[in-house]
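This is upload_8.cif. It holds mmCIF, C-alpha atoms and all ligand atoms.
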data_target
#
loop_
_atom_site.group_PDB
_atom_site.id
_atom_site.type_symbol
_atom_site.label_atom_id
_atom_site.label_comp_id
_atom_site.auth_asym_id
_atom_site.auth_seq_id
_atom_site.Cartn_x
_atom_site.Cartn_y
_atom_site.Cartn_z
ATOM 1 C CA MET V 1124 -3.198 16.448 28.974
ATOM 2 C CA LYS V 1125 -4.989 14.830 26.038
ATOM 3 C CA LYS V 1126 -5.281 11.059 26.124
ATOM 4 C CA ILE V 1127 -4.296 9.037 23.046
ATOM 5 C CA LEU V 1128 -4.655 5.343 22.309
ATOM 6 C CA VAL V 1129 -1.750 4.109 20.168
ATOM 7 C CA THR V 1130 -2.943 0.844 18.666
ATOM 8 C CA ARG V 1131 0.420 -0.609 17.545
ATOM 9 C CA ARG V 1132 4.031 -0.343 18.649
ATOM 10 C CA LEU V 1133 6.000 2.529 17.155
ATOM 11 C CA LEU V 1134 9.775 2.872 16.951
ATOM 12 C CA ARG V 1135 11.306 3.851 20.309
ATOM 13 C CA SER V 1136 11.978 7.516 19.470
ATOM 14 C CA ASN V 1137 8.372 7.966 18.347
ATOM 15 C CA GLU V 1138 6.984 6.330 21.475
ATOM 16 C CA ASP V 1139 9.193 8.597 23.597
ATOM 17 C CA ARG V 1140 7.858 11.659 21.778
ATOM 18 C CA ILE V 1141 4.191 10.732 22.083
ATOM 19 C CA LYS V 1142 4.654 9.955 25.792
ATOM 20 C CA GLU V 1143 6.064 13.460 26.334
ATOM 21 C CA LEU V 1144 3.176 15.136 24.566
ATOM 22 C CA TYR V 1145 0.219 13.057 25.673
ATOM 23 C CA ASP V 1146 -1.169 10.664 28.189
ATOM 24 C CA ALA V 1147 -0.401 7.868 25.726
ATOM 25 C CA ASN V 1148 -1.750 4.361 26.068
ATOM 26 C CA LEU V 1149 0.950 2.388 24.261
ATOM 27 C CA ASN V 1150 0.664 -1.180 23.001
ATOM 28 C CA LEU V 1151 3.939 -2.511 24.381
ATOM 29 C CA ASN V 1152 3.274 -6.119 23.318
ATOM 30 C CA ASP V 1153 2.223 -4.986 19.843
ATOM 31 C CA GLU V 1154 -0.912 -7.072 20.201
ATOM 32 C CA LEU V 1155 -3.348 -6.929 17.298
ATOM 33 C CA TYR V 1156 -6.399 -5.487 19.088
ATOM 34 C CA SER V 1157 -9.804 -6.908 18.306
ATOM 35 C CA GLN V 1158 -12.450 -4.313 17.552
ATOM 36 C CA ASP V 1159 -13.974 -4.876 21.013
ATOM 37 C CA LYS V 1160 -10.611 -4.349 22.689
ATOM 38 C CA LEU V 1161 -9.941 -1.214 20.673
ATOM 39 C CA ILE V 1162 -13.310 0.220 21.747
ATOM 40 C CA GLU V 1163 -12.624 -0.707 25.373
ATOM 41 C CA LEU V 1164 -9.148 0.847 25.371
ATOM 42 C CA SER V 1165 -10.309 4.028 23.677
ATOM 43 C CA GLN V 1166 -12.693 4.930 26.542
ATOM 44 C CA GLY V 1167 -11.800 8.405 27.754
ATOM 45 C CA CYS V 1168 -9.375 9.004 24.854
ATOM 46 C CA ASP V 1169 -9.350 12.186 22.788
ATOM 47 C CA GLY V 1170 -7.778 10.507 19.796
ATOM 48 C CA VAL V 1171 -6.506 7.232 18.395
ATOM 49 C CA LEU V 1172 -3.224 6.775 16.560
ATOM 50 C CA SER V 1173 -4.315 3.861 14.400
ATOM 51 C CA ALA V 1174 -2.520 1.551 11.985
ATOM 52 C CA LEU V 1175 -3.508 -0.047 8.700
ATOM 53 C CA THR V 1176 -4.123 -3.300 10.588
ATOM 54 C CA ASP V 1177 -7.036 -1.733 12.522
ATOM 55 C CA LYS V 1178 -10.318 -2.324 10.746
ATOM 56 C CA LEU V 1179 -12.236 0.811 11.642
ATOM 57 C CA ASP V 1180 -15.443 0.011 9.807
ATOM 58 C CA GLU V 1181 -18.787 1.751 10.303
ATOM 59 C CA LYS V 1182 -19.868 -0.503 13.181
ATOM 60 C CA THR V 1183 -16.612 0.010 15.085
ATOM 61 C CA ILE V 1184 -16.564 3.755 14.501
ATOM 62 C CA ASN V 1185 -20.140 4.053 15.751
ATOM 63 C CA ARG V 1186 -19.104 2.331 18.966
ATOM 64 C CA LEU V 1187 -16.160 4.669 19.647
ATOM 65 C CA PRO V 1188 -16.663 6.886 22.709
ATOM 66 C CA LYS V 1189 -17.796 10.474 22.078
ATOM 67 C CA SER V 1190 -14.510 11.774 23.457
ATOM 68 C CA VAL V 1191 -12.588 10.468 20.388
ATOM 69 C CA LYS V 1192 -12.299 13.314 17.880
ATOM 70 C CA ILE V 1193 -9.450 12.182 15.648
ATOM 71 C CA LEU V 1194 -8.165 8.985 14.055
ATOM 72 C CA SER V 1195 -4.578 9.688 13.079
ATOM 73 C CA ASN V 1196 -3.750 6.818 10.765
ATOM 74 C CA PHE V 1197 -0.117 5.731 10.654
ATOM 75 C CA ALA V 1198 -0.153 5.173 6.869
ATOM 76 C CA VAL V 1199 -0.767 7.056 3.670
ATOM 77 C CA GLY V 1200 -3.544 4.601 2.789
ATOM 78 C CA PHE V 1201 -6.783 4.811 4.752
ATOM 79 C CA GLY V 1202 -8.794 1.961 3.245
ATOM 80 C CA ASN V 1203 -8.968 0.477 6.769
ATOM 81 C CA ILE V 1204 -11.208 3.344 7.913
ATOM 82 C CA ASP V 1205 -14.782 4.122 6.896
ATOM 83 C CA LEU V 1206 -14.330 7.822 6.208
ATOM 84 C CA GLU V 1207 -18.020 8.605 5.884
ATOM 85 C CA ALA V 1208 -18.907 6.909 9.157
ATOM 86 C CA ALA V 1209 -16.142 8.922 10.856
ATOM 87 C CA LYS V 1210 -17.394 12.136 9.297
ATOM 88 C CA LYS V 1211 -20.935 11.456 10.471
ATOM 89 C CA LYS V 1212 -19.583 11.085 14.010
ATOM 90 C CA ASN V 1213 -17.577 14.285 13.632
ATOM 91 C CA ILE V 1214 -14.273 12.435 13.864
ATOM 92 C CA ILE V 1215 -11.508 13.621 11.588
ATOM 93 C CA VAL V 1216 -9.231 11.115 9.876
ATOM 94 C CA THR V 1217 -5.660 12.000 8.909
ATOM 95 C CA ASN V 1218 -2.919 10.165 7.018
ATOM 96 C CA THR V 1219 0.841 10.438 6.467
ATOM 97 C CA PRO V 1220 1.496 11.409 2.829
ATOM 98 C CA GLU V 1221 4.835 12.311 1.211
ATOM 99 C CA VAL V 1222 7.175 10.945 3.869
ATOM 100 C CA LEU V 1223 6.813 7.396 2.569
ATOM 101 C CA THR V 1224 6.889 8.118 -1.146
ATOM 102 C CA ASP V 1225 10.529 7.190 -1.718
ATOM 103 C CA ALA V 1226 10.568 4.018 0.378
ATOM 104 C CA THR V 1227 7.327 2.732 -1.129
ATOM 105 C CA ALA V 1228 8.455 3.538 -4.672
ATOM 106 C CA GLU V 1229 11.662 1.580 -3.987
ATOM 107 C CA ILE V 1230 9.571 -1.469 -3.133
ATOM 108 C CA GLY V 1231 7.384 -0.795 -6.193
ATOM 109 C CA VAL V 1232 10.501 -0.989 -8.366
ATOM 110 C CA LEU V 1233 11.740 -4.065 -6.495
ATOM 111 C CA LEU V 1234 8.446 -5.789 -7.344
ATOM 112 C CA ILE V 1235 8.912 -4.966 -11.013
ATOM 113 C CA LEU V 1236 12.514 -6.181 -11.002
ATOM 114 C CA GLY V 1237 11.801 -9.246 -8.875
ATOM 115 C CA ALA V 1238 8.869 -10.391 -10.996
ATOM 116 C CA CYS V 1239 10.475 -9.654 -14.373
ATOM 117 C CA ARG V 1240 13.858 -11.164 -13.496
ATOM 118 C CA ARG V 1241 12.472 -14.264 -11.726
ATOM 119 C CA ALA V 1242 13.994 -13.387 -8.378
ATOM 120 C CA SER V 1243 11.846 -15.872 -6.391
ATOM 121 C CA GLU V 1244 13.029 -18.814 -8.449
ATOM 122 C CA GLY V 1245 16.601 -17.530 -8.386
ATOM 123 C CA ILE V 1246 16.653 -17.126 -4.601
ATOM 124 C CA GLN V 1247 15.189 -20.591 -4.147
ATOM 125 C CA GLY V 1248 17.724 -22.162 -6.529
ATOM 126 C CA ALA V 1249 20.654 -20.426 -4.838
ATOM 127 C CA ARG V 1250 19.480 -21.349 -1.304
ATOM 128 C CA ASP V 1251 18.900 -24.972 -2.241
ATOM 129 C CA ALA V 1252 22.211 -25.132 -4.148
ATOM 130 C CA ASP V 1253 20.002 -26.442 -6.905
ATOM 131 C CA TRP V 1254 21.245 -24.587 -9.949
ATOM 132 C CA LYS V 1255 23.963 -24.412 -12.490
ATOM 133 C CA TRP V 1256 24.740 -21.621 -14.879
ATOM 134 C CA SER V 1257 23.593 -22.163 -18.425
ATOM 135 C CA ALA V 1258 22.766 -19.859 -21.286
ATOM 136 C CA ASP V 1259 19.047 -20.346 -20.774
ATOM 137 C CA TYR V 1260 18.839 -20.658 -16.969
ATOM 138 C CA LEU V 1261 16.043 -18.510 -15.504
ATOM 139 C CA ILE V 1262 15.753 -16.253 -18.482
ATOM 140 C CA GLY V 1263 13.515 -13.370 -17.527
ATOM 141 C CA LYS V 1264 12.091 -10.230 -19.028
ATOM 142 C CA GLN V 1265 14.392 -7.287 -19.603
ATOM 143 C CA LEU V 1266 13.105 -3.928 -18.435
ATOM 144 C CA THR V 1267 15.018 -1.856 -20.973
ATOM 145 C CA GLY V 1268 12.560 -0.857 -23.688
ATOM 146 C CA ALA V 1269 9.569 -2.501 -21.961
ATOM 147 C CA ARG V 1270 6.375 -0.496 -21.476
ATOM 148 C CA LEU V 1271 5.415 0.179 -17.869
ATOM 149 C CA GLY V 1272 1.770 1.048 -17.187
ATOM 150 C CA ILE V 1273 1.252 2.920 -13.949
ATOM 151 C CA LEU V 1274 -2.261 2.826 -12.554
ATOM 152 C CA GLY V 1275 -2.501 5.848 -10.249
ATOM 153 C CA MET V 1276 0.094 8.524 -10.894
ATOM 154 C CA GLY V 1277 0.218 10.098 -7.446
ATOM 155 C CA ARG V 1278 3.483 10.753 -5.643
ATOM 156 C CA ILE V 1279 4.457 7.082 -5.459
ATOM 157 C CA GLY V 1280 3.523 6.442 -9.086
ATOM 158 C CA GLN V 1281 5.563 9.457 -10.191
ATOM 159 C CA LYS V 1282 8.608 8.290 -8.268
ATOM 160 C CA ILE V 1283 8.325 4.780 -9.732
ATOM 161 C CA ALA V 1284 8.041 6.395 -13.188
ATOM 162 C CA LYS V 1285 11.244 8.342 -12.611
ATOM 163 C CA ILE V 1286 13.230 5.259 -11.576
ATOM 164 C CA ALA V 1287 11.686 3.125 -14.335
ATOM 165 C CA LYS V 1288 12.726 5.698 -16.938
ATOM 166 C CA SER V 1289 16.278 5.573 -15.660
ATOM 167 C CA LEU V 1290 16.109 1.813 -16.318
ATOM 168 C CA GLY V 1291 15.034 2.464 -19.892
ATOM 169 C CA MET V 1292 11.333 1.684 -19.511
ATOM 170 C CA ILE V 1293 8.724 3.597 -21.478
ATOM 171 C CA VAL V 1294 6.164 4.882 -19.021
ATOM 172 C CA HIS V 1295 2.406 5.107 -19.619
ATOM 173 C CA TYR V 1296 -0.125 6.019 -16.939
ATOM 174 C CA HIS V 1297 -3.802 6.279 -16.145
ATOM 175 C CA ASN V 1298 -5.064 8.679 -13.559
ATOM 176 C CA ARG V 1299 -8.296 10.516 -12.863
ATOM 177 C CA SER V 1300 -6.758 13.513 -14.627
ATOM 178 C CA LYS V 1301 -3.770 14.226 -16.824
ATOM 179 C CA LEU V 1302 -0.777 15.580 -14.926
ATOM 180 C CA SER V 1303 0.951 18.861 -15.685
ATOM 181 C CA ALA V 1304 3.875 18.536 -18.098
ATOM 182 C CA ASP V 1305 6.513 18.807 -15.361
ATOM 183 C CA LYS V 1306 4.920 16.065 -13.241
ATOM 184 C CA GLU V 1307 4.231 13.940 -16.295
ATOM 185 C CA ASN V 1308 7.844 14.267 -17.365
ATOM 186 C CA GLY V 1309 7.397 12.468 -20.680
ATOM 187 C CA SER V 1310 5.052 9.721 -19.446
ATOM 188 C CA ILE V 1311 2.142 8.985 -21.777
ATOM 189 C CA TYR V 1312 -1.373 9.637 -20.451
ATOM 190 C CA HIS V 1313 -4.341 7.299 -21.001
ATOM 191 C CA ASP V 1314 -7.766 8.561 -20.067
ATOM 192 C CA ASN V 1315 -9.098 5.050 -19.470
ATOM 193 C CA LEU V 1316 -7.902 1.829 -17.889
ATOM 194 C CA LYS V 1317 -8.411 -0.344 -20.979
ATOM 195 C CA SER V 1318 -6.154 1.804 -23.103
ATOM 196 C CA LEU V 1319 -3.457 1.758 -20.373
ATOM 197 C CA MET V 1320 -3.630 -1.986 -19.888
ATOM 198 C CA GLU V 1321 -3.396 -2.688 -23.605
ATOM 199 C CA VAL V 1322 0.101 -1.161 -23.673
ATOM 200 C CA SER V 1323 1.332 -2.469 -20.306
ATOM 201 C CA ASP V 1324 4.066 -5.068 -20.631
ATOM 202 C CA VAL V 1325 4.379 -4.462 -16.910
ATOM 203 C CA LEU V 1326 1.544 -3.036 -14.813
ATOM 204 C CA SER V 1327 2.250 -1.236 -11.556
ATOM 205 C CA VAL V 1328 -0.804 -0.709 -9.359
ATOM 206 C CA CYS V 1329 -0.241 2.471 -7.335
ATOM 207 C CA CYS V 1330 -3.744 3.906 -6.812
ATOM 208 C CA PRO V 1331 -5.471 4.172 -3.446
ATOM 209 C CA ALA V 1332 -8.088 1.579 -2.463
ATOM 210 C CA SER V 1333 -11.531 3.146 -2.609
ATOM 211 C CA LYS V 1334 -15.060 2.142 -3.529
ATOM 212 C CA GLU V 1335 -14.156 2.904 -7.161
ATOM 213 C CA THR V 1336 -10.946 0.858 -7.255
ATOM 214 C CA ILE V 1337 -11.919 -2.296 -5.346
ATOM 215 C CA ASN V 1338 -11.317 -5.290 -7.662
ATOM 216 C CA LEU V 1339 -10.456 -2.981 -10.544
ATOM 217 C CA ILE V 1340 -7.935 -5.580 -11.659
ATOM 218 C CA ASN V 1341 -10.332 -8.398 -12.416
ATOM 219 C CA LYS V 1342 -11.195 -11.121 -14.934
ATOM 220 C CA GLU V 1343 -12.363 -8.625 -17.512
ATOM 221 C CA THR V 1344 -9.648 -5.969 -17.179
ATOM 222 C CA LEU V 1345 -6.813 -8.534 -17.049
ATOM 223 C CA GLU V 1346 -7.808 -9.568 -20.557
ATOM 224 C CA TYR V 1347 -6.820 -6.101 -21.828
ATOM 225 C CA LEU V 1348 -3.163 -6.825 -21.024
ATOM 226 C CA PRO V 1349 -0.810 -8.105 -23.716
ATOM 227 C CA LYS V 1350 -0.187 -11.853 -23.366
ATOM 228 C CA GLY V 1351 2.674 -12.518 -20.981
ATOM 229 C CA ALA V 1352 2.396 -9.215 -19.102
ATOM 230 C CA VAL V 1353 3.669 -8.786 -15.562
ATOM 231 C CA VAL V 1354 1.362 -7.441 -12.815
ATOM 232 C CA THR V 1355 2.699 -5.721 -9.708
ATOM 233 C CA ASN V 1356 0.848 -4.168 -6.764
ATOM 234 C CA VAL V 1357 2.447 -1.860 -4.199
ATOM 235 C CA ALA V 1358 -0.833 -0.150 -3.244
ATOM 236 C CA ARG V 1359 -3.534 -2.264 -1.621
ATOM 237 C CA GLY V 1360 -4.668 -5.870 -2.008
ATOM 238 C CA ASP V 1361 -8.310 -4.822 -2.291
ATOM 239 C CA ILE V 1362 -7.676 -3.448 -5.792
ATOM 240 C CA VAL V 1363 -6.969 -6.916 -7.185
ATOM 241 C CA ASP V 1364 -9.371 -9.815 -7.618
ATOM 242 C CA ASP V 1365 -6.978 -12.580 -6.538
ATOM 243 C CA GLU V 1366 -8.861 -15.460 -8.137
ATOM 244 C CA ALA V 1367 -8.812 -13.690 -11.501
ATOM 245 C CA LEU V 1368 -5.098 -12.893 -11.243
ATOM 246 C CA ILE V 1369 -4.210 -16.443 -10.188
ATOM 247 C CA ASP V 1370 -6.278 -17.779 -13.067
ATOM 248 C CA ALA V 1371 -4.405 -15.449 -15.445
ATOM 249 C CA LEU V 1372 -1.119 -16.855 -14.068
ATOM 250 C CA ASP V 1373 -2.412 -20.417 -14.520
ATOM 251 C CA ARG V 1374 -3.259 -19.649 -18.154
ATOM 252 C CA ARG V 1375 0.055 -17.814 -18.685
ATOM 253 C CA LYS V 1376 -1.868 -14.783 -19.756
ATOM 254 C CA VAL V 1377 0.168 -13.198 -16.972
ATOM 255 C CA TYR V 1378 3.839 -14.180 -16.899
ATOM 256 C CA ALA V 1379 4.633 -13.198 -13.322
ATOM 257 C CA VAL V 1380 3.346 -11.118 -10.426
ATOM 258 C CA GLY V 1381 5.128 -8.900 -7.910
ATOM 259 C CA LEU V 1382 3.017 -8.262 -4.811
ATOM 260 C CA ASP V 1383 3.602 -6.447 -1.539
ATOM 261 C CA VAL V 1384 -0.021 -6.113 -0.418
ATOM 262 C CA TYR V 1385 -2.916 -8.548 -0.101
ATOM 263 C CA LYS V 1386 -6.588 -8.813 0.663
ATOM 264 C CA GLY V 1387 -7.011 -10.014 4.239
ATOM 265 C CA GLU V 1388 -3.342 -9.462 5.222
ATOM 266 C CA PRO V 1389 -1.352 -11.100 6.710
ATOM 267 C CA ASN V 1390 -2.999 -14.034 4.945
ATOM 268 C CA LEU V 1391 -2.694 -14.252 1.236
ATOM 269 C CA ASN V 1392 -4.486 -16.329 -1.331
ATOM 270 C CA PRO V 1393 -2.645 -19.707 -1.343
ATOM 271 C CA GLY V 1394 -3.084 -19.787 -5.120
ATOM 272 C CA TYR V 1395 -0.131 -17.406 -5.397
ATOM 273 C CA LEU V 1396 2.154 -19.780 -3.509
ATOM 274 C CA LYS V 1397 1.947 -22.500 -6.105
ATOM 275 C CA HIS V 1398 3.382 -20.126 -8.710
ATOM 276 C CA LYS V 1399 7.176 -19.934 -8.680
ATOM 277 C CA SER V 1400 6.845 -16.802 -10.751
ATOM 278 C CA ALA V 1401 5.089 -14.983 -7.902
ATOM 279 C CA PHE V 1402 7.537 -12.565 -6.285
ATOM 280 C CA ILE V 1403 5.826 -11.833 -2.994
ATOM 281 C CA LEU V 1404 6.778 -9.586 -0.103
ATOM 282 C CA PRO V 1405 5.079 -9.016 3.277
ATOM 283 C CA HIS V 1406 3.879 -5.382 2.982
ATOM 284 C CA LEU V 1407 7.321 -3.809 3.199
ATOM 285 C CA GLY V 1408 6.446 -0.597 1.294
ATOM 286 C CA SER V 1409 7.355 1.908 3.980
ATOM 287 C CA ALA V 1410 9.588 -0.347 6.049
ATOM 288 C CA THR V 1411 12.791 1.640 6.517
ATOM 289 C CA LYS V 1412 13.887 3.232 9.775
ATOM 290 C CA GLU V 1413 13.891 6.718 8.262
ATOM 291 C CA THR V 1414 10.445 6.350 6.782
ATOM 292 C CA ARG V 1415 8.706 4.661 9.703
ATOM 293 C CA THR V 1416 10.160 7.313 12.024
ATOM 294 C CA ALA V 1417 8.971 10.109 9.743
ATOM 295 C CA MET V 1418 5.525 8.532 9.345
ATOM 296 C CA ALA V 1419 4.956 8.226 13.087
ATOM 297 C CA ASN V 1420 6.244 11.765 13.620
ATOM 298 C CA LEU V 1421 3.790 13.003 11.027
ATOM 299 C CA ALA V 1422 0.951 11.044 12.648
ATOM 300 C CA ILE V 1423 1.883 12.773 15.938
ATOM 301 C CA ASP V 1424 2.180 16.175 14.190
ATOM 302 C CA ASN V 1425 -1.317 15.609 12.814
ATOM 303 C CA LEU V 1426 -2.628 15.110 16.359
ATOM 304 C CA GLU V 1427 -0.793 18.230 17.494
ATOM 305 C CA GLU V 1428 -2.154 20.341 14.657
ATOM 306 C CA PHE V 1429 -5.688 19.110 15.234
ATOM 307 C CA PHE V 1430 -5.693 19.705 18.987
ATOM 308 C CA LYS V 1431 -4.264 23.207 18.452
ATOM 309 C CA SER V 1432 -6.356 24.365 15.508
ATOM 310 C CA GLY V 1433 -9.374 22.067 15.259
ATOM 311 C CA SER V 1434 -8.316 20.877 11.813
ATOM 312 C CA CYS V 1435 -5.331 19.379 9.992
ATOM 313 C CA LYS V 1436 -3.812 19.720 6.549
ATOM 314 C CA ASN V 1437 -3.595 15.937 6.253
ATOM 315 C CA LYS V 1438 -7.301 15.446 6.904
ATOM 316 C CA VAL V 1439 -8.791 12.950 4.439
ATOM 317 C CA ASN V 1440 -12.514 13.011 5.271
HETATM 318 C C1 LIG V 1501 0.820 3.023 3.684
HETATM 319 O O1 LIG V 1501 1.187 3.897 4.449
HETATM 320 O O2 LIG V 1501 -0.304 3.054 3.192
HETATM 321 C C2 LIG V 1501 1.770 1.925 3.386
HETATM 322 O O3 LIG V 1501 1.164 0.884 2.725
HETATM 323 C C3 LIG V 1501 2.428 1.446 4.649
HETATM 324 O O4 LIG V 1501 3.406 0.528 4.361
#
Now that the file is in, can you turn its structure into structure tokens?
Amino acid sequence: MKKILVTRRLLRSNEDRIKELYDANLNLNDELYSQDKLIELSQGCDGVLSALTDKLDEKTINRLPKSVKILSNFAVGFGNIDLEAAKKKNIIVTNTPEVLTDATAEIGVLLILGACRRASEGIQGARDADWKWSADYLIGKQLTGARLGILGMGRIGQKIAKIAKSLGMIVHYHNRSKLSADKENGSIYHDNLKSLMEVSDVLSVCCPASKETINLINKETLEYLPKGAVVTNVARGDIVDDEALIDALDRRKVYAVGLDVYKGEPNLNPGYLKHKSAFILPHLGSATKETRTAMANLAIDNLEEFFKSGSCKNKVN
């Protein structure tokens, strides 16, 4: 029986399944393993079912035992893993695409709504019983007719576009390449980031974190936005230069932010906390029972496929 290290707790049904299929080393206390502990626990393992909280950088990957042949990441994003280092060690890395598209897009839309309609301030006022209705109380930005710029029109971006259109938003996007007409579905393509940002009343960051996208939203690119734009990020914190975004909030260049992901999670830049207009969530993108179950099942399917065939359709390196 193959031996698998599972670095974080999974939902019960998923843990039951992996225990049936493998000699699974589960993390019943859901402890956040240090890199040393992860290396120690992976001795003798054939694979690791990792999570986005595991920093599998080059140094850590090089210290993994030779027996480890697959890192099955329990996420669609894989910015936590150095893909090249894994490839050099002949370790395949897999992810869990598609199954989390809908749930993550829902949170992407919640960020847009929450930031534009001042949900943080509203929740605080209601909880503190510190409000009274008036014609100008917490006036926000209406989505109907506003231009939404989607940075990264993959599956999640496309789903956000679909919902945003149903809310009356006009959708623009920038992607490495223009989508086919059916996938584009009336959204307007921009072949460069500047041109997208110039028309984004609301920006939705949906692209993967990679060497090319780290700090793509920075001091310079934020200036392309119209004054009073809203910036949301449902992808990865690494794509945003926090200091630059907080400065843009301070200067009211940016009206509000909606964030689900952060550099150095679970910590976030305290500069966001002083802004009432920051609508912030704790990385809830895929957090529904259906989706987390499907993601873990796919991560297990990826192990199964790899051990049977030597490869996997969800291989990313
Ligand atoms: C992912 O899978 O990359 C999501 O961010 C998880 O919530």
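Picked out by the PyMOL selection byres (((not hetatm)) within 6 of (chain V and resi 1501)) when it runs on this file: Ala1198, Val1199, Gly1200, Leu1407, Gly1408 and Ser1409 of chain V.
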Keeping only C-alpha atoms, write those residues as an mmCIF file, keeping the file's coordinate frame.
data_model
loop_
_atom_site.group_PDB
_atom_site.id
_atom_site.type_symbol
_atom_site.label_atom_id
_atom_site.label_comp_id
_atom_site.auth_asym_id
_atom_site.auth_seq_id
_atom_site.Cartn_x
_atom_site.Cartn_y
_atom_site.Cartn_z
ATOM 1 C CA ALA V 1198 -0.153 5.173 6.869
ATOM 2 C CA VAL V 1199 -0.767 7.056 3.670
ATOM 3 C CA GLY V 1200 -3.544 4.601 2.789
ATOM 4 C CA LEU V 1407 7.321 -3.809 3.199
ATOM 5 C CA GLY V 1408 6.446 -0.597 1.294
ATOM 6 C CA SER V 1409 7.355 1.908 3.980
#
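Taking CA of Glu1321 (chain V) and CA of Asp1361 (chain V) as endpoints, the distance between them is 22.0 Å.
Taking CA of Asn1338 (chain V) and CA of Lys1178 (chain V) as endpoints, the distance between them is 18.7 Å.
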For Leu1234 (chain V): contacts at 7 Å, only C-alpha atoms, fewer than 4 positions along chain excluded, given as an MDAnalysis selection string: chainID V and resid 1230 1238 1355 1381:1382 1402
Evaluate the PyMOL selection byres (((chain V and resi 1412) around 12) and not hetatm) against this structure - the residues, as a list in words, please. Leu1133, Leu1134, Arg1135, Ser1136, Asn1137, Val1222, Leu1223, Ala1226, Leu1407, Gly1408, Ser1409, Ala1410, Thr1411, Glu1413, Thr1414, Arg1415, Thr1416, Ala1417, Met1418 and Ala1419 of chain V
Would you pick out the contacts of Ala1228 (chain V) at 10 Å or less, using all atoms listed in the file, so that residues sharing its chain but fewer than 6 positions from it are not included, and give the list as a ChimeraX atom specification? /V:1234,1278-1286,1329,1357,1408-1409
